[in-house]
There are 4 protein chains.
Amino acid sequence: MSNDLYAVAAEDFCLIPMGTGEPSVAGYIAECQRILEKSGLKYKMHGYGTNLEGPWSEVTKAIHDCHLAVHAQGTPRIATDIRIGTRTDREITPGTGNEAKVKRVEDILSK
Amino acid sequence: MSNDLYAVAAEDFCLIPMGTGEPSVAGYIAECQRILEKSGLKYKMHGYGTNLEGPWSEVTKAIHDCHLAVHAQGTPRIATDIRIGTRTDREITPGTGNEAKVKRVEDILSK
Amino acid sequence: MSNDLYAVAAEDFCLIPMGTGEPSVAGYIAECQRILEKSGLKYKMHGYGTNLEGPWSEVTKAIHDCHLAVHAQGTPRIATDIRIGTRTDREITPGTGNEAKVKRVEDILSK
Amino acid sequence: MSNDLYAVAAEDFCLIPMGTGEPSVAGYIAECQRILEKSGLKYKMHGYGTNLEGPWSEVTKAIHDCHLAVHAQGTPRIATDIRIGTRTDREITPGTGNEAKVKRVEDILSK
């Protein structure tokens with residue numbers, strides 16, 4: 001078992017800027033997507049968060065850098081909800097974890 | 001303001017069966033998708049959860065029914081993480097909330 | 001199995017007001033505590049959320065009413081993270097679920 | 001602004017072992033408390049998770065080490081929900097963040 005678990009079986013986060021004076025968050029989330037693009041990690045935005053895959057230290061660092069960037073946009077406080085999963089019972093090819101999970105469910109439903 | 005808030009600005013949940021003796025969850029998540037299909041609500045599975053839209057009472061009832069169904073599959077314990085959002089500053093056309101959020105971010109990024 | 005699962009094995013929520021123009025949330029969380037007090041359910045605030053126990057329909061209704069109250073304070077948008085758990089393998093005396101969980105861990109640690 | 005944000009305004013996590021064949025999790029959560037004790041960080045268990053305070057890199061590393069330890073107990077898969085908050089508008093004395101938040105709400109309620 002590695003000392004840096006591959007957190008791919010499930011990583012998803014939802015960042016919420018606080019104290020901004022406006023209910024819209026699209027400008028902040030767009031900035032996060034730019035940070036994730038630079039990280040080199042695989043990511044995919046959905047309607048209430050962003051899927052992210054990679055080694056534990058890299059995915060948590062990427063979210064930290066999103067906080068730094070959103071603070072730099074003038075946000076005084078940020079709350080993020082993270083779902084993170086690891087597994088040791090199967091090898092996960094980097095960048096295929098979240099897609100593979102959806103496919104397994106779809107395969108069952110199509111039977 | 002309605003007494004049943006339209007929880008569409010953000011609803012996402014991730015259900016985790018516990019004590020099943022197997023790490024795979026695809027069979028349980030597939031059952032949840034069948035329950036959501038019957039609910040008539042708009043939903044969309046992603047790599048670490050499922051987006052769901054509708055009035056508060058209906059989306060929380062749908063997740064309750066997923067618990068009932070997964071218990072009926074023999075699961076003794078279930079833990080679910082729900083992100084739920086409401087807003088009163090804008091009208092949301094039912095079934096368009098989560099998609100509209102992704103589009104607003106993509107529009108900013110494409111500029 | 002009841003049609004209204006007793007969601008006591010684990011219910012915890014963290015409500016975040018958005019677009020308020022101030023980073024402090026204490027005034028909104030205090031209002032939520034007043035709503036929970038009126039609900040008659042057992043609840044307990046901690047450093048990053050509030051534990052809540054009761055039947056599924058009642059705990060989700062209580063959180064809905066917190067949203068209503070915080071919107072009524074002038075908050076245009078609210079995001080809440082909920083952890084909710086149910087189990088069918090043991091009877092849970094109403095109002096003892098969360099405390100019993102902490103005690104079981106403490107008993108193991110004190111051995 | 002530091003390059004390692006002090007994640008004290010809000011850090012809370014709930015770790016769920018999967019595929020263990022038993023619904024009880026107390027033995028795994030006890031192991032996590034031992035890991036947190038060794039980390040030197042301030043932490044406090046509640047009915048549905050554990051509050052944790054410290055610099056971002058240290059709190060995420062502590063949760064990673066909990067995953068390592070619970071995998072070492074024979075758990076093939078783990079899912080954790082993390083709530084993490086940072087703020088730049090106020091200095092937070094290390095180890096006082098979560099308690100201070102509860103106190104501010106209680107002060108409002110006691111008026």
# chains A, B, ... in the order shown; residues from 1 in each chain; ligands from 1
$ calpha_fit_and_write --fixed "chain C" --moving "chain D" --output "compact mmCIF listing (two decimals) with C-alpha atoms, in the first residue's frame"
# COMPACT_ATOMS: atom_id res chain seq x y z
CA MET D 1 -39.65 -1.91 7.98
CA SER D 2 -41.44 1.34 8.50
CA ASN D 3 -42.33 3.66 5.65
CA ASP D 4 -40.70 6.50 7.54
CA LEU D 5 -37.21 5.41 8.44
CA TYR D 6 -35.85 6.55 11.74
CA ALA D 7 -32.87 8.58 10.61
CA VAL D 8 -31.08 8.55 13.88
CA ALA D 9 -28.01 6.49 13.32
CA ALA D 10 -26.60 9.60 11.77
CA GLU D 11 -28.02 12.94 10.88
CA ASP D 12 -25.91 16.02 10.75
CA PHE D 13 -26.25 19.18 8.72
CA CYS D 14 -24.28 22.31 7.96
CA LEU D 15 -26.24 25.25 6.50
CA ILE D 16 -24.39 27.99 4.63
CA PRO D 17 -26.03 31.33 3.77
CA MET D 18 -24.83 32.74 0.43
CA GLY D 19 -24.80 36.25 -0.96
CA THR D 20 -25.12 37.90 2.43
CA GLY D 21 -22.25 40.41 2.13
CA GLU D 22 -20.71 39.36 5.42
CA PRO D 23 -18.57 36.36 6.27
CA SER D 24 -20.15 35.82 9.70
CA VAL D 25 -22.93 33.27 9.91
CA ALA D 26 -23.62 33.14 13.66
CA GLY D 27 -26.88 35.12 13.40
CA TYR D 28 -28.26 32.69 10.84
CA ILE D 29 -27.16 29.60 12.70
CA ALA D 30 -28.74 30.97 15.90
CA GLU D 31 -32.03 31.31 14.02
CA CYS D 32 -31.73 27.66 12.92
CA GLN D 33 -31.23 26.58 16.55
CA ARG D 34 -34.51 28.36 17.44
CA ILE D 35 -36.28 26.48 14.63
CA LEU D 36 -34.84 23.17 15.82
CA GLU D 37 -35.91 23.95 19.39
CA LYS D 38 -39.49 24.40 18.16
CA SER D 39 -39.33 21.14 16.18
CA GLY D 40 -39.22 19.05 19.34
CA LEU D 41 -36.43 16.93 17.86
CA LYS D 42 -33.20 16.22 19.69
CA TYR D 43 -30.35 18.32 18.29
CA LYS D 44 -26.86 19.41 19.28
CA MET D 45 -24.64 22.01 17.64
CA HIS D 46 -20.91 21.37 17.19
CA GLY D 47 -18.06 23.29 15.58
CA TYR D 48 -19.08 22.56 11.98
CA GLY D 49 -22.74 21.58 11.93
CA THR D 50 -25.58 20.30 14.06
CA ASN D 51 -26.50 16.73 14.99
CA LEU D 52 -30.21 15.97 14.65
CA GLU D 53 -32.25 12.83 15.33
CA GLY D 54 -35.71 11.62 14.45
CA PRO D 55 -37.87 10.06 11.75
CA TRP D 56 -36.71 10.86 8.21
CA SER D 57 -39.69 13.05 7.31
CA GLU D 58 -39.30 15.12 10.48
CA VAL D 59 -35.57 15.75 10.24
CA THR D 60 -35.75 16.74 6.57
CA LYS D 61 -38.77 18.97 7.34
CA ALA D 62 -36.83 20.66 10.17
CA ILE D 63 -33.95 21.49 7.82
CA HIS D 64 -36.44 22.78 5.24
CA ASP D 65 -37.88 25.08 7.90
CA CYS D 66 -34.36 26.32 8.70
CA HIS D 67 -33.99 27.26 5.01
CA LEU D 68 -37.35 29.10 5.13
CA ALA D 69 -36.28 31.02 8.24
CA VAL D 70 -32.85 31.97 6.87
CA HIS D 71 -34.40 33.10 3.58
CA ALA D 72 -36.82 35.20 5.70
CA GLN D 73 -33.75 36.86 7.25
CA GLY D 74 -32.95 38.18 3.77
CA THR D 75 -30.58 35.48 2.51
CA PRO D 76 -31.08 34.99 -1.24
CA ARG D 77 -29.40 31.59 -1.50
CA ILE D 78 -28.59 28.75 0.87
CA ALA D 79 -26.47 25.63 0.50
CA THR D 80 -26.72 22.85 3.06
CA ASP D 81 -24.68 19.70 3.44
CA ILE D 82 -26.58 16.85 5.12
CA ARG D 83 -25.23 13.50 6.32
CA ILE D 84 -28.12 11.16 6.99
CA GLY D 85 -28.01 7.54 8.06
CA THR D 86 -30.53 4.79 8.61
CA ARG D 87 -30.17 1.24 9.88
CA THR D 88 -32.49 -1.72 10.13
CA ASP D 89 -30.29 -4.06 12.16
CA ARG D 90 -30.99 -2.53 15.55
CA GLU D 91 -33.71 -0.67 17.38
CA ILE D 92 -32.76 2.87 18.25
CA THR D 93 -34.41 4.51 21.23
CA PRO D 94 -35.45 7.95 19.96
CA GLY D 95 -33.00 10.62 21.05
CA THR D 96 -30.15 8.27 21.93
CA GLY D 97 -28.64 7.49 18.53
CA ASN D 98 -25.83 10.02 18.22
CA GLU D 99 -24.78 9.88 21.87
CA ALA D 100 -24.66 6.09 21.78
CA LYS D 101 -22.33 6.18 18.79
CA VAL D 102 -19.83 8.43 20.55
CA LYS D 103 -20.00 6.26 23.67
CA ARG D 104 -19.21 3.04 21.77
CA VAL D 105 -16.04 4.61 20.37
CA GLU D 106 -15.02 5.99 23.77
CA ASP D 107 -15.54 2.58 25.36
CA ILE D 108 -13.15 1.00 22.84
CA LEU D 109 -10.55 3.74 23.39
CA SER D 110 -10.68 3.43 27.19
CA LYS D 111 -9.84 -0.28 27.13
$ select_by_dssp --residues "chain C" --states "helix (DSSP H, G or I)" --output "ChimeraX atom specification"
/C:26-39,56-72,97-110
$ select_by_dssp --residues "chain B" --states "strand (DSSP E or B)" --output "PyMOL selection string"
chain B and resi 6+10-18+42-46+49-53+55+77-87
$ decode --residues "range 11-23 of chain A" --atoms "all heavy atoms" --output "PDB file, in the first residue's frame"
ATOM      1  N   GLU A  11     -13.745  11.179  -5.775  1.00  0.00           N
ATOM      2  CA  GLU A  11     -13.371  12.488  -5.249  1.00  0.00           C
ATOM      3  C   GLU A  11     -14.291  13.485  -5.918  1.00  0.00           C
ATOM      4  O   GLU A  11     -14.444  13.500  -7.132  1.00  0.00           O
ATOM      5  CB  GLU A  11     -11.902  12.811  -5.550  1.00  0.00           C
ATOM      6  CG  GLU A  11     -11.209  13.546  -4.441  1.00  0.00           C
ATOM      7  CD  GLU A  11     -11.579  15.011  -4.426  1.00  0.00           C
ATOM      8  OE1 GLU A  11     -12.054  15.533  -5.447  1.00  0.00           O
ATOM      9  OE2 GLU A  11     -11.372  15.640  -3.375  1.00  0.00           O
ATOM     10  N   ASP A  12     -14.935  14.270  -5.117  1.00  0.00           N
ATOM     11  CA  ASP A  12     -15.870  15.250  -5.647  1.00  0.00           C
ATOM     12  C   ASP A  12     -15.896  16.403  -4.658  1.00  0.00           C
ATOM     13  O   ASP A  12     -15.880  16.190  -3.447  1.00  0.00           O
ATOM     14  CB  ASP A  12     -17.269  14.638  -5.745  1.00  0.00           C
ATOM     15  CG  ASP A  12     -18.231  15.559  -6.454  1.00  0.00           C
ATOM     16  OD1 ASP A  12     -18.137  15.667  -7.682  1.00  0.00           O
ATOM     17  OD2 ASP A  12     -19.066  16.188  -5.773  1.00  0.00           O
ATOM     18  N   PHE A  13     -15.902  17.625  -5.159  1.00  0.00           N
ATOM     19  CA  PHE A  13     -15.963  18.726  -4.201  1.00  0.00           C
ATOM     20  C   PHE A  13     -16.881  19.841  -4.684  1.00  0.00           C
ATOM     21  O   PHE A  13     -17.127  19.999  -5.878  1.00  0.00           O
ATOM     22  CB  PHE A  13     -14.563  19.267  -3.883  1.00  0.00           C
ATOM     23  CG  PHE A  13     -13.954  20.122  -4.958  1.00  0.00           C
ATOM     24  CD1 PHE A  13     -13.911  21.507  -4.831  1.00  0.00           C
ATOM     25  CD2 PHE A  13     -13.411  19.550  -6.090  1.00  0.00           C
ATOM     26  CE1 PHE A  13     -13.328  22.308  -5.808  1.00  0.00           C
ATOM     27  CE2 PHE A  13     -12.831  20.337  -7.079  1.00  0.00           C
ATOM     28  CZ  PHE A  13     -12.794  21.721  -6.932  1.00  0.00           C
ATOM     29  N   CYS A  14     -17.396  20.564  -3.720  1.00  0.00           N
ATOM     30  CA  CYS A  14     -18.311  21.664  -3.983  1.00  0.00           C
ATOM     31  C   CYS A  14     -17.854  22.842  -3.121  1.00  0.00           C
ATOM     32  O   CYS A  14     -17.934  22.775  -1.892  1.00  0.00           O
ATOM     33  CB  CYS A  14     -19.725  21.234  -3.609  1.00  0.00           C
ATOM     34  SG  CYS A  14     -20.910  22.567  -3.707  1.00  0.00           S
ATOM     35  N   LEU A  15     -17.331  23.870  -3.773  1.00  0.00           N
ATOM     36  CA  LEU A  15     -16.769  25.040  -3.075  1.00  0.00           C
ATOM     37  C   LEU A  15     -17.795  26.164  -3.030  1.00  0.00           C
ATOM     38  O   LEU A  15     -18.412  26.494  -4.046  1.00  0.00           O
ATOM     39  CB  LEU A  15     -15.497  25.467  -3.816  1.00  0.00           C
ATOM     40  CG  LEU A  15     -14.693  26.654  -3.291  1.00  0.00           C
ATOM     41  CD1 LEU A  15     -13.228  26.501  -3.675  1.00  0.00           C
ATOM     42  CD2 LEU A  15     -15.235  27.970  -3.830  1.00  0.00           C
ATOM     43  N   ILE A  16     -17.990  26.751  -1.865  1.00  0.00           N
ATOM     44  CA  ILE A  16     -18.977  27.816  -1.696  1.00  0.00           C
ATOM     45  C   ILE A  16     -18.335  29.082  -1.130  1.00  0.00           C
ATOM     46  O   ILE A  16     -17.871  29.087   0.008  1.00  0.00           O
ATOM     47  CB  ILE A  16     -20.114  27.344  -0.767  1.00  0.00           C
ATOM     48  CG1 ILE A  16     -20.825  26.152  -1.415  1.00  0.00           C
ATOM     49  CG2 ILE A  16     -21.096  28.478  -0.506  1.00  0.00           C
ATOM     50  CD1 ILE A  16     -21.888  25.529  -0.556  1.00  0.00           C
ATOM     51  N   PRO A  17     -18.289  30.149  -1.949  1.00  0.00           N
ATOM     52  CA  PRO A  17     -17.769  31.430  -1.451  1.00  0.00           C
ATOM     53  C   PRO A  17     -18.786  32.041  -0.487  1.00  0.00           C
ATOM     54  O   PRO A  17     -19.992  31.973  -0.721  1.00  0.00           O
ATOM     55  CB  PRO A  17     -17.669  32.291  -2.713  1.00  0.00           C
ATOM     56  CG  PRO A  17     -17.959  31.382  -3.867  1.00  0.00           C
ATOM     57  CD  PRO A  17     -18.743  30.233  -3.332  1.00  0.00           C
ATOM     58  N   MET A  18     -18.301  32.636   0.607  1.00  0.00           N
ATOM     59  CA  MET A  18     -19.198  33.243   1.601  1.00  0.00           C
ATOM     60  C   MET A  18     -18.867  34.724   1.774  1.00  0.00           C
ATOM     61  O   MET A  18     -17.711  35.134   1.643  1.00  0.00           O
ATOM     62  CB  MET A  18     -19.042  32.526   2.934  1.00  0.00           C
ATOM     63  CG  MET A  18     -19.406  31.054   2.871  1.00  0.00           C
ATOM     64  SD  MET A  18     -18.875  30.142   4.348  1.00  0.00           S
ATOM     65  CE  MET A  18     -20.039  30.743   5.575  1.00  0.00           C
ATOM     66  N   GLY A  19     -19.883  35.490   2.105  1.00  0.00           N
ATOM     67  CA  GLY A  19     -19.667  36.904   2.372  1.00  0.00           C
ATOM     68  C   GLY A  19     -19.350  37.720   1.136  1.00  0.00           C
ATOM     69  O   GLY A  19     -18.680  38.749   1.208  1.00  0.00           O
ATOM     70  N   THR A  20     -19.849  37.287  -0.013  1.00  0.00           N
ATOM     71  CA  THR A  20     -19.508  37.961  -1.265  1.00  0.00           C
ATOM     72  C   THR A  20     -20.514  39.051  -1.631  1.00  0.00           C
ATOM     73  O   THR A  20     -20.237  39.859  -2.518  1.00  0.00           O
ATOM     74  CB  THR A  20     -19.469  36.959  -2.427  1.00  0.00           C
ATOM     75  OG1 THR A  20     -20.758  36.329  -2.502  1.00  0.00           O
ATOM     76  CG2 THR A  20     -18.397  35.909  -2.196  1.00  0.00           C
ATOM     77  N   GLY A  21     -21.683  39.039  -1.009  1.00  0.00           N
ATOM     78  CA  GLY A  21     -22.678  40.053  -1.317  1.00  0.00           C
ATOM     79  C   GLY A  21     -23.480  39.791  -2.567  1.00  0.00           C
ATOM     80  O   GLY A  21     -24.288  40.609  -2.987  1.00  0.00           O
ATOM     81  N   GLU A  22     -23.278  38.636  -3.180  1.00  0.00           N
ATOM     82  CA  GLU A  22     -24.058  38.277  -4.373  1.00  0.00           C
ATOM     83  C   GLU A  22     -24.297  36.782  -4.353  1.00  0.00           C
ATOM     84  O   GLU A  22     -23.403  36.014  -3.998  1.00  0.00           O
ATOM     85  CB  GLU A  22     -23.297  38.662  -5.648  1.00  0.00           C
ATOM     86  CG  GLU A  22     -21.847  38.196  -5.591  1.00  0.00           C
ATOM     87  CD  GLU A  22     -21.101  38.305  -6.913  1.00  0.00           C
ATOM     88  OE1 GLU A  22     -21.633  38.858  -7.867  1.00  0.00           O
ATOM     89  OE2 GLU A  22     -19.971  37.784  -6.966  1.00  0.00           O
ATOM     90  N   PRO A  23     -25.501  36.358  -4.723  1.00  0.00           N
ATOM     91  CA  PRO A  23     -25.785  34.923  -4.678  1.00  0.00           C
ATOM     92  C   PRO A  23     -25.096  34.120  -5.774  1.00  0.00           C
ATOM     93  O   PRO A  23     -24.905  32.922  -5.630  1.00  0.00           O
ATOM     94  CB  PRO A  23     -27.313  34.863  -4.818  1.00  0.00           C
ATOM     95  CG  PRO A  23     -27.707  36.171  -5.430  1.00  0.00           C
ATOM     96  CD  PRO A  23     -26.680  37.176  -5.034  1.00  0.00           C
TER      97      PRO A  23
END
